[in-house]
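A.B. asks: Hey, dropping data04.json in here, JSON, C-alpha atoms:
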```json
[["chain", "number", "residue", "atom", "x", "y", "z"],
["D", 13, "MET", "CA", -1.14, -4.71, -1.33],
["D", 14, "ALA", "CA", 0.14, -1.36, -0.43],
["D", 15, "SER", "CA", -0.34, 0.98, 2.42],
["D", 16, "ARG", "CA", -0.26, 4.53, 1.21],
["D", 17, "THR", "CA", 1.14, 6.63, 4.02],
["D", 18, "ILE", "CA", 0.78, 10.36, 4.49],
["D", 19, "LEU", "CA", 4.50, 10.93, 5.06],
["D", 20, "VAL", "CA", 7.04, 13.02, 3.23],
["D", 21, "CYS", "CA", 10.58, 11.75, 3.81],
["D", 22, "LEU", "CA", 13.70, 13.71, 2.96],
["D", 23, "LEU", "CA", 16.95, 11.81, 2.52],
["D", 24, "ALA", "CA", 20.06, 13.35, 3.98],
["D", 25, "ALA", "CA", 23.48, 12.11, 4.87],
["D", 26, "ALA", "CA", 22.60, 12.35, 8.53],
["D", 27, "GLY", "CA", 19.50, 10.20, 8.28],
["D", 28, "VAL", "CA", 15.87, 10.11, 7.30],
["D", 29, "ALA", "CA", 13.57, 12.94, 8.30],
["D", 30, "CYS", "CA", 9.82, 12.53, 7.97],
["D", 31, "SER", "CA", 6.97, 15.00, 8.31],
["D", 32, "ARG", "CA", 3.30, 14.12, 8.41],
["D", 33, "SER", "CA", 0.53, 15.87, 6.52],
["D", 34, "PRO", "CA", -2.27, 17.25, 8.73],
["D", 35, "ILE", "CA", -5.14, 14.86, 9.28],
["D", 36, "ASP", "CA", -7.73, 17.33, 8.00],
["D", 37, "ASP", "CA", -6.81, 20.64, 6.45],
["D", 38, "GLY", "CA", -10.35, 21.25, 5.18],
["D", 39, "ARG", "CA", -9.27, 21.30, 1.55],
["D", 40, "VAL", "CA", -9.90, 19.11, -1.47],
["D", 41, "ASP", "CA", -6.85, 17.00, -2.29],
["D", 42, "SER", "CA", -4.86, 18.26, -5.26],
["D", 43, "GLY", "CA", -3.67, 14.83, -6.35],
["D", 44, "PRO", "CA", -1.56, 11.89, -5.21],
["D", 45, "PRO", "CA", 1.52, 12.50, -3.05],
["D", 46, "TYR", "CA", 4.79, 12.66, -4.94],
["D", 47, "SER", "CA", 7.85, 11.82, -2.88],
["D", 48, "GLY", "CA", 10.61, 12.44, -5.42],
["D", 49, "TYR", "CA", 12.42, 9.21, -4.46],
["D", 50, "PRO", "CA", 11.93, 5.66, -5.83],
["D", 51, "ARG", "CA", 9.14, 3.56, -4.34],
["D", 52, "VAL", "CA", 8.31, -0.13, -4.69],
["D", 53, "SER", "CA", 5.04, -2.02, -4.96],
["D", 54, "ALA", "CA", 4.93, -5.78, -4.42],
["D", 55, "GLY", "CA", 2.17, -7.98, -5.83],
["D", 56, "ALA", "CA", 1.44, -11.67, -6.31],
["D", 57, "GLY", "CA", 4.72, -13.08, -7.66],
["D", 58, "LYS", "CA", 5.81, -9.72, -9.04],
["D", 59, "SER", "CA", 7.38, -6.44, -7.99],
["D", 60, "CYS", "CA", 7.49, -2.99, -9.56],
["D", 61, "LEU", "CA", 9.66, 0.07, -9.05],
["D", 62, "LEU", "CA", 8.44, 3.58, -9.64],
["D", 63, "ASP", "CA", 11.58, 5.66, -10.09],
["D", 64, "ALA", "CA", 12.04, 9.28, -9.04],
["D", 65, "ALA", "CA", 11.06, 10.45, -12.53],
["D", 66, "GLY", "CA", 7.75, 8.56, -12.39],
["D", 67, "HIS", "CA", 8.67, 5.72, -14.76],
["D", 68, "LEU", "CA", 7.58, 2.17, -13.91],
["D", 69, "SER", "CA", 9.57, -1.06, -14.31],
["D", 70, "CYS", "CA", 8.57, -4.53, -13.10],
["D", 71, "TRP", "CA", 10.13, -7.95, -12.52],
["D", 72, "GLY", "CA", 8.99, -11.45, -11.57],
["D", 73, "ASN", "CA", 5.78, -12.97, -12.93],
["D", 74, "ILE", "CA", 5.03, -9.78, -14.83],
["D", 75, "MET", "CA", 2.89, -11.10, -17.67],
["D", 76, "PRO", "CA", 0.69, -9.46, -18.78],
["D", 77, "ILE", "CA", 1.53, -6.32, -16.81],
["D", 78, "SER", "CA", 4.96, -5.74, -18.35],
["D", 79, "ASP", "CA", 3.68, -5.86, -21.93],
["D", 80, "ILE", "CA", 1.04, -3.21, -21.39],
["D", 81, "ILE", "CA", 2.47, -0.73, -18.89],
["D", 82, "PRO", "CA", 1.06, 2.61, -20.03],
["D", 83, "ASP", "CA", 3.64, 5.05, -21.34],
["D", 84, "LYS", "CA", 2.89, 7.60, -18.66],
["D", 85, "VAL", "CA", 4.59, 9.38, -15.79],
["D", 86, "PHE", "CA", 3.08, 8.23, -12.50],
["D", 87, "ALA", "CA", 3.11, 9.73, -9.02],
["D", 88, "ASP", "CA", 2.01, 6.47, -7.38],
["D", 89, "VAL", "CA", 1.36, 2.86, -8.43],
["D", 90, "ASP", "CA", -0.14, -0.15, -6.66],
["D", 91, "VAL", "CA", 0.43, -3.65, -8.03],
["D", 92, "SER", "CA", -1.31, -6.95, -7.32],
["D", 93, "THR", "CA", -2.17, -9.40, -10.10],
["D", 94, "SER", "CA", -3.29, -6.25, -11.90],
["D", 95, "ALA", "CA", -2.13, -2.68, -11.41],
["D", 96, "CYS", "CA", -3.34, 0.90, -11.09],
["D", 97, "GLY", "CA", -1.33, 4.08, -11.40],
["D", 98, "LEU", "CA", -2.02, 7.71, -10.54],
["D", 99, "GLU", "CA", -0.59, 10.57, -12.53],
["D", 100, "ARG", "CA", 0.39, 13.74, -10.72],
["D", 101, "ASP", "CA", -2.88, 15.45, -11.66],
["D", 102, "GLY", "CA", -4.91, 12.59, -10.16],
["D", 103, "THR", "CA", -5.72, 10.84, -13.44],
["D", 104, "LEU", "CA", -6.18, 7.10, -12.84],
["D", 105, "THR", "CA", -5.06, 4.32, -15.17],
["D", 106, "CYS", "CA", -5.59, 0.60, -14.45],
["D", 107, "TRP", "CA", -4.48, -2.36, -16.52],
["D", 108, "PRO", "CA", -4.98, -4.82, -18.08],
["D", 109, "LYS", "CA", -8.18, -3.26, -19.40],
["D", 110, "GLU", "CA", -9.38, -6.69, -20.58],
["D", 111, "GLU", "CA", -10.51, -7.38, -17.02],
["D", 112, "LEU", "CA", -13.95, -5.89, -17.56],
["D", 113, "MET", "CA", -15.12, -7.16, -14.16],
["D", 114, "GLY", "CA", -11.77, -6.39, -12.57],
["D", 115, "VAL", "CA", -9.61, -3.34, -12.08],
["D", 116, "GLY", "CA", -9.68, -2.50, -15.79],
["D", 117, "ALA", "CA", -13.25, -1.25, -15.45],
["D", 118, "PHE", "CA", -12.29, 1.73, -13.31],
["D", 119, "PRO", "CA", -14.66, 4.69, -12.92],
["D", 120, "ALA", "CA", -13.86, 8.06, -14.45],
["D", 121, "GLY", "CA", -12.59, 10.86, -12.25],
["D", 122, "ARG", "CA", -9.48, 12.14, -10.50],
["D", 123, "TYR", "CA", -8.04, 10.51, -7.41],
["D", 124, "SER", "CA", -5.51, 11.03, -4.63],
["D", 125, "ARG", "CA", -5.00, 7.39, -3.49],
["D", 126, "VAL", "CA", -5.49, 3.92, -4.99],
["D", 127, "SER", "CA", -5.22, 0.37, -3.61],
["D", 128, "VAL", "CA", -5.39, -2.88, -5.63],
["D", 129, "TRP", "CA", -5.81, -6.52, -4.60],
["D", 130, "GLY", "CA", -6.46, -9.21, -7.20],
["D", 131, "GLY", "CA", -9.40, -8.18, -9.37],
["D", 132, "ASN", "CA", -10.54, -5.42, -7.02],
["D", 133, "ALA", "CA", -9.52, -1.83, -6.46],
["D", 134, "CYS", "CA", -10.55, 1.14, -4.33],
["D", 135, "ALA", "CA", -9.53, 4.76, -4.73],
["D", 136, "VAL", "CA", -10.07, 8.07, -2.97],
["D", 137, "ARG", "CA", -11.49, 10.81, -5.19],
["D", 138, "LEU", "CA", -10.09, 14.32, -4.90],
["D", 139, "ASP", "CA", -13.21, 15.35, -2.98],
["D", 140, "GLY", "CA", -12.61, 12.52, -0.46],
["D", 141, "ALA", "CA", -15.33, 10.13, -1.64],
["D", 142, "LEU", "CA", -14.45, 6.44, -2.04],
["D", 143, "ALA", "CA", -14.88, 4.50, -5.26],
["D", 144, "CYS", "CA", -14.48, 0.69, -5.35],
["D", 145, "TRP", "CA", -14.88, -1.66, -8.31],
["D", 146, "GLY", "CA", -14.19, -5.22, -9.45],
["D", 147, "GLU", "CA", -15.52, -8.44, -7.92],
["D", 148, "PRO", "CA", -18.48, -7.74, -5.59],
["D", 149, "SER", "CA", -17.52, -10.46, -3.08],
["D", 150, "TYR", "CA", -17.98, -9.66, 0.64],
["D", 151, "GLY", "CA", -19.48, -6.28, -0.22],
["D", 152, "MET", "CA", -16.06, -4.99, -1.25],
["D", 153, "THR", "CA", -17.46, -2.74, -3.98],
["D", 154, "ASP", "CA", -19.86, -1.00, -1.57],
["D", 155, "PRO", "CA", -17.66, 1.39, 0.45],
["D", 156, "PRO", "CA", -18.99, 3.64, 3.21],
["D", 157, "GLN", "CA", -20.03, 7.22, 2.59],
["D", 158, "GLY", "CA", -17.98, 10.13, 3.85],
["D", 159, "LYS", "CA", -14.75, 11.99, 3.19],
["D", 160, "PHE", "CA", -11.54, 9.96, 3.31],
["D", 161, "ARG", "CA", -7.79, 10.43, 2.94],
["D", 162, "GLU", "CA", -6.50, 6.91, 2.43],
["D", 163, "VAL", "CA", -7.72, 3.40, 1.60],
["D", 164, "ALA", "CA", -6.16, -0.08, 1.91],
["D", 165, "LEU", "CA", -7.65, -3.13, 0.18],
["D", 166, "SER", "CA", -7.22, -6.86, 0.77],
["D", 167, "GLY", "CA", -8.85, -9.93, -0.73],
["D", 168, "THR", "CA", -11.56, -10.05, 1.94],
["D", 169, "HIS", "CA", -12.04, -6.54, 3.33],
["D", 170, "ALA", "CA", -10.91, -2.94, 3.10],
["D", 171, "CYS", "CA", -10.15, -0.14, 5.55],
["D", 172, "ALA", "CA", -9.99, 3.61, 5.00],
["D", 173, "ILE", "CA", -9.04, 6.68, 7.02],
["D", 174, "ARG", "CA", -11.58, 9.47, 7.25],
["D", 175, "ARG", "CA", -10.40, 13.07, 7.06],
["D", 176, "ASP", "CA", -10.74, 13.32, 10.85],
["D", 177, "GLY", "CA", -8.31, 10.39, 11.23],
["D", 178, "THR", "CA", -10.85, 7.77, 12.32],
["D", 179, "LEU", "CA", -11.04, 4.39, 10.62],
["D", 180, "ALA", "CA", -13.81, 2.67, 8.67],
["D", 181, "CYS", "CA", -13.63, -0.96, 7.47],
["D", 182, "TRP", "CA", -16.00, -3.11, 5.44],
["D", 183, "GLY", "CA", -16.16, -6.62, 3.97],
["D", 184, "LEU", "CA", -15.56, -10.03, 5.57],
["D", 185, "ASN", "CA", -15.14, -9.85, 9.35],
["D", 186, "GLY", "CA", -14.67, -13.47, 10.45],
["D", 187, "ASP", "CA", -11.48, -12.67, 12.39],
["D", 188, "GLY", "CA", -12.44, -9.15, 13.39],
["D", 189, "GLN", "CA", -10.32, -7.68, 10.60],
["D", 190, "ALA", "CA", -13.10, -5.23, 9.67],
["D", 191, "THR", "CA", -13.63, -3.98, 13.25],
["D", 192, "PRO", "CA", -11.07, -1.19, 13.67],
["D", 193, "PRO", "CA", -10.09, 0.43, 16.96],
["D", 194, "PRO", "CA", -11.02, 4.01, 17.88],
["D", 195, "GLY", "CA", -8.54, 6.83, 17.58],
["D", 196, "ALA", "CA", -6.88, 9.07, 15.02],
["D", 197, "PHE", "CA", -4.60, 7.43, 12.44],
["D", 198, "VAL", "CA", -2.33, 8.57, 9.61],
["D", 199, "SER", "CA", -1.84, 5.32, 7.64],
["D", 200, "VAL", "CA", -3.61, 1.98, 7.26],
["D", 201, "ALA", "CA", -2.83, -1.43, 5.71],
["D", 202, "SER", "CA", -4.96, -4.54, 5.17],
["D", 203, "GLY", "CA", -4.16, -8.25, 4.87],
["D", 204, "THR", "CA", -6.51, -11.17, 4.32],
["D", 205, "GLN", "CA", -7.31, -11.77, 8.01],
["D", 206, "HIS", "CA", -5.94, -8.63, 9.66],
["D", 207, "SER", "CA", -5.37, -4.92, 9.36],
["D", 208, "CYS", "CA", -2.92, -2.48, 10.93],
["D", 209, "ALA", "CA", -2.79, 1.28, 11.23],
["D", 210, "ARG", "CA", -0.35, 3.85, 12.56],
["D", 211, "ASN", "CA", -1.70, 6.57, 14.82],
["D", 212, "VAL", "CA", -0.70, 10.22, 15.17],
["D", 213, "ASP", "CA", 2.03, 9.22, 17.66],
["D", 214, "ASP", "CA", 3.46, 6.59, 15.25],
["D", 215, "VAL", "CA", 2.12, 3.73, 17.42],
["D", 216, "VAL", "CA", 1.01, 0.70, 15.40],
["D", 217, "ALA", "CA", -2.40, -0.84, 16.14],
["D", 218, "CYS", "CA", -3.33, -4.21, 14.59],
["D", 219, "TRP", "CA", -6.58, -6.17, 14.71],
["D", 220, "GLY", "CA", -7.86, -9.47, 13.33],
["D", 221, "ALA", "CA", -5.97, -12.80, 13.42],
["D", 222, "PRO", "CA", -3.17, -12.29, 16.02],
["D", 223, "ASP", "CA", -0.64, -14.65, 14.40],
["D", 224, "THR", "CA", -0.46, -12.38, 11.34],
["D", 225, "PHE", "CA", 0.95, -9.39, 13.25],
["D", 226, "GLY", "CA", 2.16, -10.73, 16.63],
["D", 227, "HIS", "CA", 4.37, -8.42, 18.67],
["D", 228, "LEU", "CA", 4.31, -5.61, 16.08],
["D", 229, "HIS", "CA", 1.07, -4.42, 17.65],
["D", 230, "ASN", "CA", 1.89, -1.34, 19.77],
["D", 231, "GLN", "CA", 5.33, -0.89, 18.16],
["D", 232, "ILE", "CA", 6.59, 2.58, 17.21],
["D", 233, "ALA", "CA", 7.11, 2.81, 13.44],
["D", 234, "GLN", "CA", 7.25, 5.23, 10.53],
["D", 235, "GLU", "CA", 5.52, 2.73, 8.20],
["D", 236, "VAL", "CA", 3.38, -0.39, 8.64],
["D", 237, "HIS", "CA", 2.40, -2.80, 5.86],
["D", 238, "CYS", "CA", 0.21, -5.91, 5.70],
["D", 239, "GLY", "CA", 0.63, -8.75, 3.24],
["D", 240, "ASP", "CA", -1.63, -11.77, 2.86],
["D", 241, "THR", "CA", -0.85, -13.14, 6.34],
["D", 242, "SER", "CA", 2.22, -11.09, 7.28],
["D", 243, "THR", "CA", 3.07, -7.69, 8.71],
["D", 244, "CYS", "CA", 6.19, -5.51, 8.39],
["D", 245, "VAL", "CA", 7.18, -2.17, 9.86],
["D", 246, "ILE", "CA", 9.90, 0.37, 9.22],
["D", 247, "HIS", "CA", 11.09, 1.58, 12.60],
["D", 248, "ARG", "CA", 11.95, 5.22, 13.20],
["D", 249, "ASP", "CA", 15.64, 4.42, 12.73],
["D", 250, "GLY", "CA", 14.88, 3.00, 9.25],
["D", 251, "THR", "CA", 15.34, -0.67, 10.17],
["D", 252, "LEU", "CA", 12.86, -3.35, 9.10],
["D", 253, "GLU", "CA", 10.99, -5.91, 11.18],
["D", 254, "CYS", "CA", 8.50, -8.51, 9.92],
["D", 255, "THR", "CA", 6.34, -11.26, 11.37],
["D", 256, "GLY", "CA", 3.47, -13.52, 10.32],
["D", 257, "ARG", "CA", 2.85, -16.92, 8.78],
["D", 258, "TYR", "CA", 5.48, -16.82, 6.01],
["D", 259, "PRO", "CA", 8.85, -17.73, 7.58],
["D", 260, "GLN", "CA", 10.75, -16.39, 4.56],
["D", 261, "LEU", "CA", 9.42, -12.91, 5.26],
["D", 262, "ARG", "CA", 10.57, -12.82, 8.88],
["D", 263, "GLN", "CA", 14.21, -12.17, 8.00],
["D", 264, "PRO", "CA", 14.35, -8.80, 6.25],
["D", 265, "PRO", "CA", 17.68, -7.31, 5.19],
["D", 266, "SER", "CA", 19.64, -5.03, 7.49],
["D", 267, "GLY", "CA", 20.19, -1.37, 6.81],
["D", 268, "ARG", "CA", 18.09, 1.77, 6.74],
["D", 269, "PHE", "CA", 15.00, 2.00, 4.55],
["D", 270, "VAL", "CA", 12.54, 4.74, 3.62],
["D", 271, "GLN", "CA", 9.69, 2.81, 1.97],
["D", 272, "MET", "CA", 8.53, -0.79, 1.49],
["D", 273, "ASP", "CA", 5.65, -3.01, 0.39],
["D", 274, "ILE", "CA", 4.59, -6.64, 0.92],
["D", 275, "GLY", "CA", 3.32, -8.97, -1.78],
["D", 276, "LEU", "CA", 1.90, -12.44, -1.24],
["D", 277, "ASP", "CA", 5.04, -14.20, 0.04],
["D", 278, "HIS", "CA", 7.74, -11.61, -0.53],
["D", 279, "ALA", "CA", 8.53, -7.98, 0.16],
["D", 280, "CYS", "CA", 10.66, -5.21, -1.29],
["D", 281, "ALA", "CA", 12.02, -2.03, 0.26],
["D", 282, "VAL", "CA", 13.88, 1.11, -0.81],
["D", 283, "ARG", "CA", 17.10, 1.91, 1.04],
["D", 284, "ALA", "CA", 18.05, 5.43, 2.08],
["D", 285, "ASP", "CA", 20.46, 5.56, -0.89],
["D", 286, "GLY", "CA", 17.63, 4.72, -3.33],
["D", 287, "SER", "CA", 18.64, 1.10, -3.97],
["D", 288, "VAL", "CA", 16.07, -1.72, -3.75],
["D", 289, "ALA", "CA", 16.25, -4.90, -1.65],
["D", 290, "CYS", "CA", 13.72, -7.77, -1.82],
["D", 291, "TRP", "CA", 13.35, -10.93, 0.27],
["D", 292, "GLY", "CA", 11.02, -13.90, 0.74],
["D", 293, "GLY", "CA", 9.56, -16.15, -1.94],
["D", 294, "ASN", "CA", 11.36, -15.98, -5.28],
["D", 295, "LEU", "CA", 9.73, -18.64, -7.45],
["D", 296, "HIS", "CA", 9.07, -16.11, -10.21],
["D", 297, "GLY", "CA", 12.08, -13.90, -9.59],
["D", 298, "GLN", "CA", 9.96, -11.39, -7.69],
["D", 299, "SER", "CA", 12.67, -11.00, -5.04],
["D", 300, "THR", "CA", 15.49, -10.41, -7.54],
["D", 301, "PRO", "CA", 15.35, -6.75, -8.55],
["D", 302, "PRO", "CA", 17.29, -5.85, -11.70],
["D", 303, "ALA", "CA", 20.58, -4.00, -11.40],
["D", 304, "ARG", "CA", 20.23, -0.25, -11.59]]
```
Could I get this structure in the form of structure tokens?
C.D. replies:
Amino acid sequence: MASRTILVCLLAAAGVACSRSPIDDGRVDSGPPYSGYPRVSAGAGKSCLLDAAGHLSCWGNIMPISDIIPDKVFADVDVSTSACGLERDGTLTCWPKEELMGVGAFPAGRYSRVSVWGGNACAVRLDGALACWGEPSYGMTDPPQGKFREVALSGTHACAIRRDGTLACWGLNGDGQATPPPGAFVSVASGTQHSCARNVDDVVACWGAPDTFGHLHNQIAQEVHCGDTSTCVIHRDGTLECTGRYPQLRQPPSGRFVQMDIGLDHACAVRADGSVACWGGNLHGQSTPPAR
């Protein structure tokens, strides 16, 4: 569900300052990025918060995830119906492990990025190679060869950013969601029928079913995220804007935010002061974060 950006944001009283990692520094990644501030991951009917110390807590329809969260310190986590977490040294853990044909059957190795959707997951190894596992539908478990920096998975297709900034997508392409535009990009996100990416000038490009991203194509943003059939951005001033087929997602809270994620019918975001706000569907309590 998540789009893993290559941004480092520093919170200050005067605002939010972001700096981008180089597209290709010619080196092997040393592990997942660690921001030092809380970050959220939204899944199907559930949400999780990774605090600044690397500890994970979840709310909503969290069974069975909440009962089996590994007692580890994570640098990054992505949550769907299942979950995967990366430790700071690149060690990968996915759960529940009972899903032998799902994300629980993850390959050994060390990784810098991970993306989860349903019973599928893809991750970027420290040497830049992609590894995908889970349900083999639409060729999702057969990623392209090459060296990559980031990967974003959906239920029908996936997209990844090569080390030179160009995009590669694979899987179902009925709406053109697996046909990316040319150019150099720094982050990518995938939904069921669309994908979006942010280029080196912070301009958002979206492709696939137009009603899932609408006017957010060509917007300037510091983050872009795709849900099932929705799209949200964090503008440079920290404000949120969302569009797509879920009306409840189109009215995000006001304020300034530094990170966000979209689930199926809800989204959560981290404010500049570290607090969490969620909106959208709340049938399972996924949009009601616990008091901190």
A.B. asks: I'd like the neighbourhood of D:Pro265 as a list in words, where a residue qualifies if any of its atoms comes within 10 Å (using only C-alpha atoms), though same-chain residues fewer than 3 positions away should be ignored.
C.D. replies: Thr251, Leu252, Glu253, Leu261, Arg262, Arg268, Phe269, Cys280, Ala281, Ala289, Cys290 and Trp291 of chain D
A.B. asks: Please dump the current selection as a PDB file, in the frame of the given file; keep C-alpha atoms.
C.D. replies:
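What landed in part.pdb:
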```pdb
ATOM      1  CA  THR D 251      15.340  -0.670  10.170  1.00  0.00           C
ATOM      2  CA  LEU D 252      12.860  -3.350   9.100  1.00  0.00           C
ATOM      3  CA  GLU D 253      10.990  -5.910  11.180  1.00  0.00           C
ATOM      4  CA  LEU D 261       9.420 -12.910   5.260  1.00  0.00           C
ATOM      5  CA  ARG D 262      10.570 -12.820   8.880  1.00  0.00           C
ATOM      6  CA  ARG D 268      18.090   1.770   6.740  1.00  0.00           C
ATOM      7  CA  PHE D 269      15.000   2.000   4.550  1.00  0.00           C
ATOM      8  CA  CYS D 280      10.660  -5.210  -1.290  1.00  0.00           C
ATOM      9  CA  ALA D 281      12.020  -2.030   0.260  1.00  0.00           C
ATOM     10  CA  ALA D 289      16.250  -4.900  -1.650  1.00  0.00           C
ATOM     11  CA  CYS D 290      13.720  -7.770  -1.820  1.00  0.00           C
ATOM     12  CA  TRP D 291      13.350 -10.930   0.270  1.00  0.00           C
TER      13      TRP D 291
END
```
A.B. asks: Go through D:Gly66, D:Gly140, D:Gly275, D:Gly286 and flag the residue nearest D:Val91, using all atoms listed in the file for the distances.
C.D. replies: D:Gly275
A.B. asks: With distances taken over only C-alpha atoms, which residue among D:Val212, D:Val126, D:Cys96, D:Cys254 lies nearest D:Phe225?
C.D. replies: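 Result for the nearest residue to D:Phe225: D:Cys254.
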A.B. asks: Give the answer as one residue: which of D:Pro108, D:Pro193, D:Gly57, D:Gly250 has the shortest atom-to-atom distance to D:Gly293, using all atoms listed in the file?
C.D. replies: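 Nearest to D:Gly293: D:Gly57.
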A.B. asks: For D:Ser127, which residue out of D:Val200, D:Ile80, D:Ile246, D:Cys70 is the nearest one, using only C-alpha atoms?
C.D. replies: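 Result for the nearest residue to D:Ser127: D:Val200.
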A.B. asks: Please provide as a list in words all residues within 6 Å of stretch 173-188 of chain D, with the sequence filter that same-chain residues fewer than 6 positions apart are discarded (counting all atoms listed in the file).
C.D. replies: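 In the requested form, the answer reads Ile35, Asp36, Tyr150, Gly151, Met152, Lys159, Phe160, Arg161, Glu162, Gly195, Ala196, Phe197, Gly220 and Ala221 of chain D.
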A.B. asks: How would the residues just picked look written out with C-alpha atoms as a compact mmCIF listing (two decimals), keeping the file's coordinate frame?
C.D. replies:
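Below is the file selection.txt, written as the result:
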```txt
# COMPACT_ATOMS: atom_id res chain seq x y z
CA ILE D 35 -5.14 14.86 9.28
CA ASP D 36 -7.73 17.33 8.00
CA TYR D 150 -17.98 -9.66 0.64
CA GLY D 151 -19.48 -6.28 -0.22
CA MET D 152 -16.06 -4.99 -1.25
CA LYS D 159 -14.75 11.99 3.19
CA PHE D 160 -11.54 9.96 3.31
CA ARG D 161 -7.79 10.43 2.94
CA GLU D 162 -6.50 6.91 2.43
CA GLY D 195 -8.54 6.83 17.58
CA ALA D 196 -6.88 9.07 15.02
CA PHE D 197 -4.60 7.43 12.44
CA GLY D 220 -7.86 -9.47 13.33
CA ALA D 221 -5.97 -12.80 13.42
```
A.B. asks: Nearest residue to D:Ala143 out of D:Ser166, D:Gly130, D:Tyr123, D:Arg51, using only C-alpha atoms?
C.D. replies: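 Closest to D:Ala143 of all the choices is D:Tyr123.
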A.B. asks: Please indicate the distance in Å from atom CA of D:Asp273 to atom CA of D:Gly203, rounded to one decimal place.
C.D. replies: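 One can read the atom CA of D:Asp273 to atom CA of D:Gly203 distance as 12.0 Å.
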A.B. asks: How many Å lie between atom CA of D:Ala170 and atom CA of D:Asp139, rounded to one decimal?
C.D. replies: 19.4 Å
A.B. asks: Provide the atom CA of D:His67 to atom CA of D:Pro264 distance in Å, to one decimal place.
C.D. replies: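 Answer for the atom CA of D:His67 to atom CA of D:Pro264 separation: 26.2 Å.
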A.B. asks: Which of these, D:Asp63, D:Asp223, D:Asp88, D:Glu147, has the shortest distance to D:His206 once you count all atoms listed in the file?
C.D. replies: D:Asp223
A.B. asks: Give me the residues within 8 Å of D:Asn294 as a VMD selection string, counting all atoms listed in the file and dropping any in the same chain fewer than 4 places off.
C.D. replies: chain D and resid 57 278 298 to 300
A.B. asks: At a cut-off of 12 Å, using all atoms listed in the file, what residues contact D:Pro82? Leave out same-chain residues fewer than 2 positions from it and give the result as a PyMOL selection string.
C.D. replies: chain D and resi 66-69+77-80+84-86+89+95-99+104-109
A.B. asks: Those selected residues, please, written with C-alpha atoms and delivered as a compact mmCIF listing (two decimals), in the coordinates of the input.
C.D. replies:
```txt
# COMPACT_ATOMS: atom_id res chain seq x y z
CA GLY D 66 7.75 8.56 -12.39
CA HIS D 67 8.67 5.72 -14.76
CA LEU D 68 7.58 2.17 -13.91
CA SER D 69 9.57 -1.06 -14.31
CA ILE D 77 1.53 -6.32 -16.81
CA SER D 78 4.96 -5.74 -18.35
CA ASP D 79 3.68 -5.86 -21.93
CA ILE D 80 1.04 -3.21 -21.39
CA LYS D 84 2.89 7.60 -18.66
CA VAL D 85 4.59 9.38 -15.79
CA PHE D 86 3.08 8.23 -12.50
CA VAL D 89 1.36 2.86 -8.43
CA ALA D 95 -2.13 -2.68 -11.41
CA CYS D 96 -3.34 0.90 -11.09
CA GLY D 97 -1.33 4.08 -11.40
CA LEU D 98 -2.02 7.71 -10.54
CA GLU D 99 -0.59 10.57 -12.53
CA LEU D 104 -6.18 7.10 -12.84
CA THR D 105 -5.06 4.32 -15.17
CA CYS D 106 -5.59 0.60 -14.45
CA TRP D 107 -4.48 -2.36 -16.52
CA PRO D 108 -4.98 -4.82 -18.08
CA LYS D 109 -8.18 -3.26 -19.40
```
A.B. asks: Can you list, as a PyMOL selection string, every protein, DNA or RNA residue that comes within 7 Å of D:Trp145 when you count only C-alpha atoms, leaving out same-chain residues fewer than 6 positions away?
C.D. replies: chain D and resi 115+118+132-134+153
